[in-house]
$ cat input.pdb   # PDB, C-alpha atoms and all ligand atoms
ATOM      1  CA  MET A   1     151.208 115.775 111.978
ATOM      2  CA  LYS A   2     149.076 118.229 113.897
ATOM      3  CA  ASN A   3     146.869 116.723 116.562
ATOM      4  CA  SER A   4     143.251 117.050 115.619
ATOM      5  CA  LEU A   5     141.549 116.574 118.946
ATOM      6  CA  GLU A   6     143.457 117.233 122.150
ATOM      7  CA  ILE A   7     141.831 116.518 125.478
ATOM      8  CA  LYS A   8     143.515 117.831 128.611
ATOM      9  CA  ASP A   9     142.504 117.230 132.242
ATOM     10  CA  LEU A  10     138.895 116.448 131.430
ATOM     11  CA  ASN A  11     136.812 116.131 134.586
ATOM     12  CA  ILE A  12     133.085 115.414 134.691
ATOM     13  CA  SER A  13     130.904 115.359 137.788
ATOM     14  CA  LEU A  14     127.257 115.857 138.635
ATOM     15  CA  VAL A  15     126.374 119.412 139.592
ATOM     16  CA  GLY A  16     126.390 119.689 143.387
ATOM     17  CA  ASN A  17     128.320 116.423 143.827
ATOM     18  CA  LYS A  18     132.081 116.407 144.309
ATOM     19  CA  ASN A  19     132.580 112.762 143.320
ATOM     20  CA  PRO A  20     134.027 112.732 139.814
ATOM     21  CA  LEU A  21     132.456 110.497 137.198
ATOM     22  CA  VAL A  22     135.406 111.098 134.866
ATOM     23  CA  GLN A  23     138.743 112.204 136.217
ATOM     24  CA  ASN A  24     141.862 113.852 134.749
ATOM     25  CA  LEU A  25     141.542 112.409 131.268
ATOM     26  CA  SER A  26     144.172 113.544 128.789
ATOM     27  CA  PHE A  27     144.529 112.038 125.333
ATOM     28  CA  ASP A  28     144.820 112.967 121.676
ATOM     29  CA  VAL A  29     142.932 111.683 118.665
ATOM     30  CA  ARG A  30     145.323 112.111 115.774
ATOM     31  CA  LYS A  31     144.397 112.605 112.159
ATOM     32  CA  GLY A  32     144.622 109.395 110.193
ATOM     33  CA  LYS A  33     144.580 107.216 113.326
ATOM     34  CA  ILE A  34     142.023 105.156 115.203
ATOM     35  CA  LEU A  35     142.084 105.388 118.988
ATOM     36  CA  GLY A  36     140.124 102.667 120.758
ATOM     37  CA  ILE A  37     138.612 103.061 124.226
ATOM     38  CA  VAL A  38     137.794  99.980 126.263
ATOM     39  CA  GLY A  39     136.638  99.606 129.855
ATOM     40  CA  GLU A  40     133.928  97.983 131.912
ATOM     41  CA  SER A  41     130.361  99.242 131.926
ATOM     42  CA  GLY A  42     130.030 102.530 133.828
ATOM     43  CA  SER A  43     133.709 103.457 133.444
ATOM     44  CA  GLY A  44     132.839 106.796 131.811
ATOM     45  CA  LYS A  45     133.317 106.104 128.105
ATOM     46  CA  THR A  46     129.995 107.532 126.927
ATOM     47  CA  LEU A  47     130.212 110.557 129.224
ATOM     48  CA  THR A  48     133.635 111.330 127.749
ATOM     49  CA  CYS A  49     132.287 111.103 124.192
ATOM     50  CA  LYS A  50     129.264 113.241 124.997
ATOM     51  CA  ALA A  51     131.400 115.893 126.696
ATOM     52  CA  ILE A  52     133.463 116.203 123.504
ATOM     53  CA  ILE A  53     130.417 117.091 121.428
ATOM     54  CA  LYS A  54     128.870 119.203 124.190
ATOM     55  CA  LEU A  55     125.955 116.890 124.641
ATOM     56  CA  LEU A  56     125.980 116.922 128.441
ATOM     57  CA  ASN A  57     123.301 119.097 129.966
ATOM     58  CA  GLU A  58     125.030 121.910 131.869
ATOM     59  CA  LYS A  59     122.320 121.826 134.512
ATOM     60  CA  VAL A  60     123.198 118.216 135.324
ATOM     61  CA  PHE A  61     126.931 117.879 134.607
ATOM     62  CA  LYS A  62     129.940 120.008 135.452
ATOM     63  CA  VAL A  63     132.655 119.639 132.814
ATOM     64  CA  SER A  64     136.141 121.127 133.183
ATOM     65  CA  GLY A  65     139.460 120.897 131.359
ATOM     66  CA  SER A  66     139.970 121.564 127.680
ATOM     67  CA  ILE A  67     138.833 119.853 124.489
ATOM     68  CA  LYS A  68     140.647 121.382 121.556
ATOM     69  CA  LEU A  69     139.745 120.729 117.963
ATOM     70  CA  ASP A  70     142.572 121.983 115.734
ATOM     71  CA  GLY A  71     143.602 124.265 118.590
ATOM     72  CA  ASN A  72     140.148 125.692 119.407
ATOM     73  CA  ASN A  73     138.643 124.812 122.761
ATOM     74  CA  ILE A  74     135.151 123.414 122.260
ATOM     75  CA  LEU A  75     134.294 123.968 125.924
ATOM     76  CA  THR A  76     134.827 127.732 125.772
ATOM     77  CA  MET A  77     133.393 128.339 122.275
ATOM     78  CA  SER A  78     130.183 130.307 121.858
ATOM     79  CA  GLU A  79     127.110 128.230 121.161
ATOM     80  CA  LYS A  80     127.070 129.544 117.601
ATOM     81  CA  GLN A  81     130.683 128.450 117.033
ATOM     82  CA  SER A  82     130.214 125.025 118.555
ATOM     83  CA  ARG A  83     127.036 124.456 116.550
ATOM     84  CA  ALA A  84     128.975 125.143 113.357
ATOM     85  CA  VAL A  85     131.744 122.705 114.316
ATOM     86  CA  ILE A  86     129.769 119.844 115.844
ATOM     87  CA  GLY A  87     128.115 117.687 113.218
ATOM     88  CA  LYS A  88     130.438 119.086 110.559
ATOM     89  CA  ASP A  89     134.079 118.897 111.737
ATOM     90  CA  ILE A  90     133.385 116.414 114.473
ATOM     91  CA  SER A  91     130.521 113.962 114.580
ATOM     92  CA  MET A  92     129.365 111.153 116.804
ATOM     93  CA  ILE A  93     127.696 107.815 116.310
ATOM     94  CA  MET A  94     125.603 107.254 119.438
ATOM     95  CA  GLN A  95     125.457 104.085 121.509
ATOM     96  CA  ASN A  96     121.649 104.009 121.367
ATOM     97  CA  PRO A  97     120.305 104.859 117.901
ATOM     98  CA  MET A  98     116.652 104.924 119.042
ATOM     99  CA  THR A  99     117.190 107.980 121.239
ATOM    100  CA  ALA A 100     119.401 109.802 118.727
ATOM    101  CA  PHE A 101     116.593 110.573 116.295
ATOM    102  CA  ASN A 102     113.597 112.853 116.608
ATOM    103  CA  PRO A 103     110.644 110.416 116.362
ATOM    104  CA  MET A 104     108.537 113.046 114.577
ATOM    105  CA  MET A 105     110.972 113.508 111.688
ATOM    106  CA  LYS A 106     111.459 111.188 108.743
ATOM    107  CA  ILE A 107     114.998 109.920 108.084
ATOM    108  CA  GLY A 108     115.213 112.034 104.907
ATOM    109  CA  GLN A 109     114.410 115.192 106.888
ATOM    110  CA  HIS A 110     117.100 114.378 109.453
ATOM    111  CA  ILE A 111     119.623 113.878 106.695
ATOM    112  CA  VAL A 112     118.702 116.867 104.525
ATOM    113  CA  GLU A 113     118.542 119.248 107.503
ATOM    114  CA  THR A 114     121.925 118.110 108.802
ATOM    115  CA  ILE A 115     123.523 118.647 105.402
ATOM    116  CA  LYS A 116     121.816 121.990 104.811
ATOM    117  CA  ALA A 117     122.855 123.270 108.253
ATOM    118  CA  HIS A 118     126.514 122.800 107.370
ATOM    119  CA  THR A 119     126.826 123.225 103.601
ATOM    120  CA  GLU A 120     125.539 125.391 100.751
ATOM    121  CA  LEU A 121     123.966 122.411  98.988
ATOM    122  CA  THR A 122     120.393 122.621  97.724
ATOM    123  CA  LYS A 123     117.739 120.315  99.103
ATOM    124  CA  LYS A 124     117.977 118.132  96.008
ATOM    125  CA  GLN A 125     121.760 117.871  96.233
ATOM    126  CA  ALA A 126     121.525 117.149  99.971
ATOM    127  CA  TYR A 127     119.014 114.377  99.264
ATOM    128  CA  ALA A 128     121.349 112.845  96.678
ATOM    129  CA  LEU A 129     124.360 113.047  99.002
ATOM    130  CA  GLY A 130     122.362 111.471 101.842
ATOM    131  CA  SER A 131     121.067 108.687  99.589
ATOM    132  CA  SER A 132     124.538 107.724  98.439
ATOM    133  CA  ALA A 133     125.783 107.780 102.066
ATOM    134  CA  LEU A 134     123.029 105.289 102.958
ATOM    135  CA  GLU A 135     123.926 103.074 100.001
ATOM    136  CA  GLU A 136     127.525 102.951 101.181
ATOM    137  CA  MET A 137     126.248 101.483 104.439
ATOM    138  CA  ASN A 138     124.797  98.531 102.529
ATOM    139  CA  LEU A 139     121.222  99.767 102.991
ATOM    140  CA  GLN A 140     118.738  98.701 100.319
ATOM    141  CA  ARG A 141     115.668 100.625  99.071
ATOM    142  CA  VAL A 142     117.131 103.925 100.120
ATOM    143  CA  ALA A 143     114.181 106.044  98.912
ATOM    144  CA  GLU A 144     111.891 104.048 101.183
ATOM    145  CA  ILE A 145     114.223 104.565 104.150
ATOM    146  CA  MET A 146     114.424 108.296 103.482
ATOM    147  CA  ASN A 147     110.629 108.394 103.628
ATOM    148  CA  SER A 148     110.395 106.411 106.905
ATOM    149  CA  TYR A 149     110.060 107.480 110.521
ATOM    150  CA  PRO A 150     112.887 106.246 112.783
ATOM    151  CA  HIS A 151     110.738 103.851 114.856
ATOM    152  CA  THR A 152     109.730 101.890 111.757
ATOM    153  CA  LEU A 153     113.339 100.777 111.136
ATOM    154  CA  SER A 154     115.145  98.005 113.007
ATOM    155  CA  GLY A 155     117.879  98.938 115.489
ATOM    156  CA  GLY A 156     120.573  97.657 113.145
ATOM    157  CA  MET A 157     119.221  99.682 110.208
ATOM    158  CA  LEU A 158     118.940 102.799 112.319
ATOM    159  CA  GLN A 159     122.501 102.307 113.518
ATOM    160  CA  ARG A 160     123.683 102.206 109.898
ATOM    161  CA  VAL A 161     121.642 105.325 109.081
ATOM    162  CA  MET A 162     123.301 107.120 111.982
ATOM    163  CA  ILE A 163     126.732 106.012 110.822
ATOM    164  CA  ALA A 164     125.931 107.291 107.322
ATOM    165  CA  ILE A 165     124.920 110.669 108.788
ATOM    166  CA  ALA A 166     128.122 110.863 110.829
ATOM    167  CA  LEU A 167     130.313 110.031 107.836
ATOM    168  CA  MET A 168     128.545 111.909 105.033
ATOM    169  CA  LEU A 169     130.091 115.328 105.674
ATOM    170  CA  GLU A 170     133.574 113.801 106.020
ATOM    171  CA  PRO A 171     134.401 115.390 109.365
ATOM    172  CA  SER A 172     137.992 115.525 110.624
ATOM    173  CA  ILE A 173     137.036 113.588 113.772
ATOM    174  CA  ILE A 174     134.475 110.817 114.224
ATOM    175  CA  ILE A 175     133.460 109.447 117.604
ATOM    176  CA  ALA A 176     131.840 106.021 117.516
ATOM    177  CA  ASP A 177     130.273 104.814 120.767
ATOM    178  CA  GLU A 178     129.626 101.065 120.464
ATOM    179  CA  ALA A 179     128.733 101.706 116.836
ATOM    180  CA  THR A 180     128.998  98.106 115.723
ATOM    181  CA  THR A 181     127.695  96.292 118.801
ATOM    182  CA  ALA A 182     124.103  95.935 117.577
ATOM    183  CA  LEU A 183     125.092  94.790 114.091
ATOM    184  CA  ASP A 184     125.530  91.333 112.631
ATOM    185  CA  VAL A 185     128.960  90.196 111.505
ATOM    186  CA  LYS A 186     128.465  91.195 107.862
ATOM    187  CA  ASN A 187     127.329  94.728 108.646
ATOM    188  CA  GLN A 188     129.945  95.070 111.354
ATOM    189  CA  ALA A 189     132.588  94.276 108.744
ATOM    190  CA  ILE A 190     131.143  96.930 106.404
ATOM    191  CA  ILE A 191     131.301  99.572 109.140
ATOM    192  CA  LEU A 192     134.825  98.639 110.162
ATOM    193  CA  GLU A 193     135.891  98.900 106.515
ATOM    194  CA  GLN A 194     134.327 102.369 106.402
ATOM    195  CA  PHE A 195     136.272 103.334 109.527
ATOM    196  CA  GLN A 196     139.496 102.182 107.911
ATOM    197  CA  ARG A 197     138.668 104.083 104.743
ATOM    198  CA  MET A 198     138.049 107.218 106.823
ATOM    199  CA  ARG A 199     141.352 106.764 108.599
ATOM    200  CA  ASP A 200     143.141 106.319 105.289
ATOM    201  CA  ILE A 201     141.851 109.664 104.025
ATOM    202  CA  GLY A 202     143.155 111.372 107.165
ATOM    203  CA  ILE A 203     140.184 111.395 109.515
ATOM    204  CA  GLY A 204     140.809 110.706 113.221
ATOM    205  CA  LEU A 205     138.498 108.200 114.893
ATOM    206  CA  LEU A 206     137.672 107.527 118.511
ATOM    207  CA  VAL A 207     136.141 104.074 118.709
ATOM    208  CA  VAL A 208     134.504 103.008 121.987
ATOM    209  CA  THR A 209     133.789  99.311 122.215
ATOM    210  CA  HIS A 210     133.475  96.315 124.515
ATOM    211  CA  ASP A 211     134.752  94.150 121.718
ATOM    212  CA  PHE A 212     138.483  93.483 121.665
ATOM    213  CA  GLY A 213     137.985  91.931 118.240
ATOM    214  CA  VAL A 214     137.022  95.384 116.937
ATOM    215  CA  ILE A 215     140.048  96.887 118.680
ATOM    216  CA  ALA A 216     142.368  94.268 117.212
ATOM    217  CA  GLN A 217     140.958  94.842 113.743
ATOM    218  CA  VAL A 218     141.038  98.624 113.518
ATOM    219  CA  ALA A 219     142.686 100.445 116.445
ATOM    220  CA  ASP A 220     146.168 101.934 116.272
ATOM    221  CA  ASP A 221     146.250 102.917 119.940
ATOM    222  CA  VAL A 222     144.114 101.982 122.915
ATOM    223  CA  LEU A 223     142.957 103.659 126.142
ATOM    224  CA  VAL A 224     141.786 101.464 128.989
ATOM    225  CA  MET A 225     139.319 103.122 131.355
ATOM    226  CA  LYS A 226     138.229 102.088 134.813
ATOM    227  CA  ALA A 227     135.980 104.035 137.206
ATOM    228  CA  GLY A 228     136.334 107.285 135.263
ATOM    229  CA  GLU A 229     140.088 107.199 134.804
ATOM    230  CA  ILE A 230     142.542 106.081 132.173
ATOM    231  CA  ILE A 231     144.505 103.310 133.778
ATOM    232  CA  GLU A 232     146.524 102.263 130.766
ATOM    233  CA  GLN A 233     147.254 103.516 127.285
ATOM    234  CA  GLY A 234     149.467 102.233 124.535
ATOM    235  CA  SER A 235     149.691 100.880 121.038
ATOM    236  CA  VAL A 236     147.319  98.073 120.155
ATOM    237  CA  TYR A 237     150.308  95.679 120.154
ATOM    238  CA  GLN A 238     151.402  96.722 123.631
ATOM    239  CA  ILE A 239     147.893  96.361 125.036
ATOM    240  CA  PHE A 240     147.415  92.883 123.555
ATOM    241  CA  TYR A 241     150.888  91.441 123.992
ATOM    242  CA  ASN A 242     152.221  93.267 127.024
ATOM    243  CA  PRO A 243     149.362  94.656 129.141
ATOM    244  CA  LYS A 244     150.724  96.536 132.150
ATOM    245  CA  THR A 245     147.779  96.347 134.534
ATOM    246  CA  GLU A 246     145.888  93.419 136.018
ATOM    247  CA  TYR A 247     142.647  95.096 134.941
ATOM    248  CA  THR A 248     143.643  95.066 131.260
ATOM    249  CA  LYS A 249     144.756  91.456 131.574
ATOM    250  CA  GLU A 250     141.376  90.591 133.086
ATOM    251  CA  LEU A 251     139.500  92.413 130.329
ATOM    252  CA  LEU A 252     141.493  90.522 127.730
ATOM    253  CA  GLN A 253     140.987  87.223 129.522
ATOM    254  CA  SER A 254     137.252  87.733 129.864
ATOM    255  CA  ARG A 255     137.129  88.213 126.118
ATOM    256  CA  PHE A 256     138.871  84.919 125.502
ATOM    257  CA  LEU A 257     136.580  83.186 127.995
ATOM    258  CA  VAL A 258     133.590  84.459 126.044
ATOM    259  CA  ASP A 259     135.155  83.179 122.849
ATOM    260  CA  GLU A 260     135.711  79.764 124.402
ATOM    261  CA  GLU A 261     132.111  79.625 125.560
ATOM    262  CA  GLN A 262     130.979  80.517 122.074
ATOM    263  CA  LEU A 263     133.197  77.782 120.679
ATOM    264  CA  CYS A 264     131.645  75.249 123.066
ATOM    265  CA  LEU A 265     128.187  76.206 121.886
ATOM    266  CA  VAL A 266     128.994  75.723 118.216
TER     267      VAL A 266
HETATM  268  N1  LIG B 301     122.524 111.185 133.663
HETATM  269  C1  LIG B 301     123.300 110.644 134.636
HETATM  270  N2  LIG B 301     123.068 110.907 135.934
HETATM  271  C2  LIG B 301     123.831 110.356 136.884
HETATM  272  N3  LIG B 301     124.877 109.562 136.667
HETATM  273  C3  LIG B 301     125.172 109.281 135.393
HETATM  274  C4  LIG B 301     124.406 109.801 134.302
HETATM  275  N4  LIG B 301     124.936 109.342 133.137
HETATM  276  C5  LIG B 301     125.975 108.557 133.496
HETATM  277  N5  LIG B 301     126.126 108.512 134.837
HETATM  278  C6  LIG B 301     127.133 107.731 135.587
HETATM  279  O1  LIG B 301     128.414 108.014 135.044
HETATM  280  C7  LIG B 301     129.198 106.826 134.996
HETATM  281  C8  LIG B 301     129.761 106.635 133.618
HETATM  282  O2  LIG B 301     128.693 106.371 132.707
HETATM  283  P1  LIG B 301     128.936 106.098 131.158
HETATM  284  O3  LIG B 301     127.612 106.038 130.519
HETATM  285  O4  LIG B 301     129.915 107.072 130.638
HETATM  286  O5  LIG B 301     129.596 104.644 131.190
HETATM  287  P2  LIG B 301     130.117 103.738 129.972
HETATM  288  O6  LIG B 301     131.574 103.476 130.199
HETATM  289  O7  LIG B 301     129.746 104.353 128.685
HETATM  290  O8  LIG B 301     129.313 102.363 130.209
HETATM  291  P3  LIG B 301     128.715 101.319 129.120
HETATM  292  O9  LIG B 301     129.881 100.466 128.714
HETATM  293  O10 LIG B 301     127.703 100.554 129.907
HETATM  294  O11 LIG B 301     128.106 102.085 127.990
HETATM  295  C9  LIG B 301     128.321 105.676 135.477
HETATM  296  O12 LIG B 301     128.665 105.405 136.815
HETATM  297  C10 LIG B 301     126.925 106.240 135.388
HETATM  298  O13 LIG B 301     126.122 105.712 136.411
HETATM  299 MG    MG B 302     128.472 103.787 127.163
END
$ encode --input "input.pdb" --output "structure tokens"
Amino acid sequence: MKNSLEIKDLNISLVGNKNPLVQNLSFDVRKGKILGIVGESGSGKTLTCKAIIKLLNEKVFKVSGSIKLDGNNILTMSEKQSRAVIGKDISMIMQNPMTAFNPMMKIGQHIVETIKAHTELTKKQAYALGSSALEEMNLQRVAEIMNSYPHTLSGGMLQRVMIAIALMLEPSIIIADEATTALDVKNQAIILEQFQRMRDIGIGLLVVTHDFGVIAQVADDVLVMKAGEIIEQGSVYQIFYNPKTEYTKELLQSRFLVDEEQLCLV
């Protein structure tokens, strides 16, 4: 199967500073597969995701390498081309939902404008599509949500709205940066089911998480990042049952320690 998203030699640094924040990353997100990324805080996971959807300010960050979506390099596309692709063929669920929305726009406006920017649907059709996407995320009283400003919703609700927006146009690649971290177990399960459904219809997903439980549940392959580099990659089975680096072993162990602590508290 053709690779959907191919990343080669991705380097990210601050303009005017030689120290790389992300170094020599190469990996593929394949259609119909979920690639998990794990790594300690500050290891460069979010920067990598943002570089893929061209969200890094060029005045602040220098990005080099190639990021090809179905063979076309996002980094060298014109702004017009990349605007057509991003949000439609590739979309991202942000780590912090509060900063992802324009506080002056109601949820319905966000949704309708996103759909209208990428499809020929009328406003009414866009509203209907958006409403059903929200319902699929287990959100109740959808009309009320559509008529709300972002700050009036809880973080968990906003996260589900953002996931609905990312999924509603059925892109070929979805990037999820800690998408389930702020959610309770029930809503986390709903989102993970959605991810699996997306994978089963041939979408490729890049799932960034601190939670090895999420990785175990949905990932096919895993990248382990440390200090801006990939230090290990393999199938989910290899990473769990035969980790090659001490760092991965430590990450796995710290997870089990947390679980033990939680068990003690129960
Ligand atoms: N705007 C910025 N200016 C300067 N340095 C930055 C900026 N954004 C990120 N960095 C640095 O880049 C590195 C990688 O950050 P990034 O946000 O990608 O980490 P992360 O792996 O997503 O961490 P977390 O798990 O906490 O979300 C960190 O050392 C961070 O300090
Ligand atoms: Mg991050």
$ residues_around --input "input.pdb" --residues "Ala189 in chain A" --least-positions-apart "5" --cutoff "12 Å" --atoms "only C-alpha atoms" --output "PyMOL selection string"
chain A and resi 137-138+160+179-181+183-184+194-196+213-214+217-218
$ write_last_selection --input "input.pdb" --atoms "C-alpha atoms" --output "compact mmCIF listing (two decimals), keeping the file's coordinate frame"
# COMPACT_ATOMS: atom_id res chain seq x y z
CA MET A 137 126.25 101.48 104.44
CA ASN A 138 124.80 98.53 102.53
CA ARG A 160 123.68 102.21 109.90
CA ALA A 179 128.73 101.71 116.84
CA THR A 180 129.00 98.11 115.72
CA THR A 181 127.70 96.29 118.80
CA LEU A 183 125.09 94.79 114.09
CA ASP A 184 125.53 91.33 112.63
CA GLN A 194 134.33 102.37 106.40
CA PHE A 195 136.27 103.33 109.53
CA GLN A 196 139.50 102.18 107.91
CA GLY A 213 137.99 91.93 118.24
CA VAL A 214 137.02 95.38 116.94
CA GLN A 217 140.96 94.84 113.74
CA VAL A 218 141.04 98.62 113.52
$ residues_near_ligand --input "input.pdb" --ligand "ligand LIG 301 (chain B)" --cutoff "12 Å" --atoms "only C-alpha atoms and all ligand atoms" --output "PDB file with C-alpha atoms, in the frame of the given file"
ATOM      1  CA  ASN A  11     136.812 116.131 134.586  1.00  0.00           C
ATOM      2  CA  ILE A  12     133.085 115.414 134.691  1.00  0.00           C
ATOM      3  CA  SER A  13     130.904 115.359 137.788  1.00  0.00           C
ATOM      4  CA  LEU A  14     127.257 115.857 138.635  1.00  0.00           C
ATOM      5  CA  VAL A  15     126.374 119.412 139.592  1.00  0.00           C
ATOM      6  CA  GLY A  16     126.390 119.689 143.387  1.00  0.00           C
ATOM      7  CA  ASN A  17     128.320 116.423 143.827  1.00  0.00           C
ATOM      8  CA  ASN A  19     132.580 112.762 143.320  1.00  0.00           C
ATOM      9  CA  PRO A  20     134.027 112.732 139.814  1.00  0.00           C
ATOM     10  CA  LEU A  21     132.456 110.497 137.198  1.00  0.00           C
ATOM     11  CA  VAL A  22     135.406 111.098 134.866  1.00  0.00           C
ATOM     12  CA  GLN A  23     138.743 112.204 136.217  1.00  0.00           C
ATOM     13  CA  ILE A  37     138.612 103.061 124.226  1.00  0.00           C
ATOM     14  CA  VAL A  38     137.794  99.980 126.263  1.00  0.00           C
ATOM     15  CA  GLY A  39     136.638  99.606 129.855  1.00  0.00           C
ATOM     16  CA  GLU A  40     133.928  97.983 131.912  1.00  0.00           C
ATOM     17  CA  SER A  41     130.361  99.242 131.926  1.00  0.00           C
ATOM     18  CA  GLY A  42     130.030 102.530 133.828  1.00  0.00           C
ATOM     19  CA  SER A  43     133.709 103.457 133.444  1.00  0.00           C
ATOM     20  CA  GLY A  44     132.839 106.796 131.811  1.00  0.00           C
ATOM     21  CA  LYS A  45     133.317 106.104 128.105  1.00  0.00           C
ATOM     22  CA  THR A  46     129.995 107.532 126.927  1.00  0.00           C
ATOM     23  CA  LEU A  47     130.212 110.557 129.224  1.00  0.00           C
ATOM     24  CA  THR A  48     133.635 111.330 127.749  1.00  0.00           C
ATOM     25  CA  CYS A  49     132.287 111.103 124.192  1.00  0.00           C
ATOM     26  CA  LYS A  50     129.264 113.241 124.997  1.00  0.00           C
ATOM     27  CA  ALA A  51     131.400 115.893 126.696  1.00  0.00           C
ATOM     28  CA  LEU A  55     125.955 116.890 124.641  1.00  0.00           C
ATOM     29  CA  LEU A  56     125.980 116.922 128.441  1.00  0.00           C
ATOM     30  CA  ASN A  57     123.301 119.097 129.966  1.00  0.00           C
ATOM     31  CA  GLU A  58     125.030 121.910 131.869  1.00  0.00           C
ATOM     32  CA  LYS A  59     122.320 121.826 134.512  1.00  0.00           C
ATOM     33  CA  VAL A  60     123.198 118.216 135.324  1.00  0.00           C
ATOM     34  CA  PHE A  61     126.931 117.879 134.607  1.00  0.00           C
ATOM     35  CA  LYS A  62     129.940 120.008 135.452  1.00  0.00           C
ATOM     36  CA  MET A  94     125.603 107.254 119.438  1.00  0.00           C
ATOM     37  CA  GLN A  95     125.457 104.085 121.509  1.00  0.00           C
ATOM     38  CA  ASN A  96     121.649 104.009 121.367  1.00  0.00           C
ATOM     39  CA  ALA A 176     131.840 106.021 117.516  1.00  0.00           C
ATOM     40  CA  ASP A 177     130.273 104.814 120.767  1.00  0.00           C
ATOM     41  CA  GLU A 178     129.626 101.065 120.464  1.00  0.00           C
ATOM     42  CA  ALA A 179     128.733 101.706 116.836  1.00  0.00           C
ATOM     43  CA  THR A 181     127.695  96.292 118.801  1.00  0.00           C
ATOM     44  CA  VAL A 207     136.141 104.074 118.709  1.00  0.00           C
ATOM     45  CA  VAL A 208     134.504 103.008 121.987  1.00  0.00           C
ATOM     46  CA  THR A 209     133.789  99.311 122.215  1.00  0.00           C
ATOM     47  CA  HIS A 210     133.475  96.315 124.515  1.00  0.00           C
ATOM     48  CA  ASP A 211     134.752  94.150 121.718  1.00  0.00           C
ATOM     49  CA  VAL A 224     141.786 101.464 128.989  1.00  0.00           C
ATOM     50  CA  MET A 225     139.319 103.122 131.355  1.00  0.00           C
ATOM     51  CA  LYS A 226     138.229 102.088 134.813  1.00  0.00           C
ATOM     52  CA  ALA A 227     135.980 104.035 137.206  1.00  0.00           C
ATOM     53  CA  GLY A 228     136.334 107.285 135.263  1.00  0.00           C
ATOM     54  CA  GLU A 229     140.088 107.199 134.804  1.00  0.00           C
ATOM     55  CA  ILE A 230     142.542 106.081 132.173  1.00  0.00           C
TER      56      ILE A 230
END
$ atom_distance --input "input.pdb" --atom1 "CA of Phe240 in chain A" --atom2 "CA of Lys33 in chain A"
17.8 Å
$ residues_around --input "input.pdb" --residues "Asp70 in chain A" --least-positions-apart "4" --cutoff "12 Å" --atoms "all atoms listed in the file" --output "list in words"
Met1, Lys2, Asn3, Ser4, Leu5, Glu6, Ile7, Asp28, Val29, Arg30, Lys31, Ile74, Val85, Asp89, Ile90, Ser172, Ile173 and Gly204 of chain A
$ residues_around --input "input.pdb" --residues "Leu158 in chain A" --least-positions-apart "2" --cutoff "12 Å" --atoms "only C-alpha atoms" --output "count of residues only"
36
$ atom_distance --input "input.pdb" --atom1 "CA of Lys186 in chain A" --atom2 "CA of Met198 in chain A"
18.7 Å
$ build_atoms --input "input.pdb" --residues "range 175-186 of chain A" --atoms "N, CA and C atoms" --output "CSV table (one decimal), keeping the file's coordinate frame"
chain,number,residue,atom,x,y,z
A,175,ILE,N,133.5,110.2,116.3
A,175,ILE,CA,133.5,109.4,117.6
A,175,ILE,C,132.4,108.4,117.4
A,176,ALA,N,132.8,107.1,117.7
A,176,ALA,CA,131.8,106.0,117.5
A,176,ALA,C,131.7,105.3,118.8
A,177,ASP,N,130.5,105.4,119.5
A,177,ASP,CA,130.3,104.8,120.8
A,177,ASP,C,129.5,103.5,120.6
A,178,GLU,N,130.2,102.4,120.7
A,178,GLU,CA,129.6,101.1,120.5
A,178,GLU,C,128.9,101.0,119.1
A,179,ALA,N,129.4,101.5,118.1
A,179,ALA,CA,128.7,101.7,116.8
A,179,ALA,C,128.4,100.4,116.2
A,180,THR,N,129.2,99.4,116.5
A,180,THR,CA,129.0,98.1,115.7
A,180,THR,C,128.4,97.0,116.6
A,181,THR,N,128.1,97.3,117.9
A,181,THR,CA,127.7,96.3,118.8
A,181,THR,C,126.4,95.7,118.4
A,182,ALA,N,125.4,96.5,117.9
A,182,ALA,CA,124.1,95.9,117.6
A,182,ALA,C,124.0,95.3,116.2
A,183,LEU,N,125.1,95.3,115.5
A,183,LEU,CA,125.1,94.8,114.1
A,183,LEU,C,125.5,93.3,113.9
A,184,ASP,N,125.0,92.7,112.9
A,184,ASP,CA,125.5,91.3,112.6
A,184,ASP,C,126.9,91.4,112.0
A,185,VAL,N,127.6,90.2,111.9
A,185,VAL,CA,129.0,90.2,111.5
A,185,VAL,C,129.2,90.9,110.2
A,186,LYS,N,128.3,90.6,109.2
A,186,LYS,CA,128.5,91.2,107.9
A,186,LYS,C,128.4,92.7,107.9
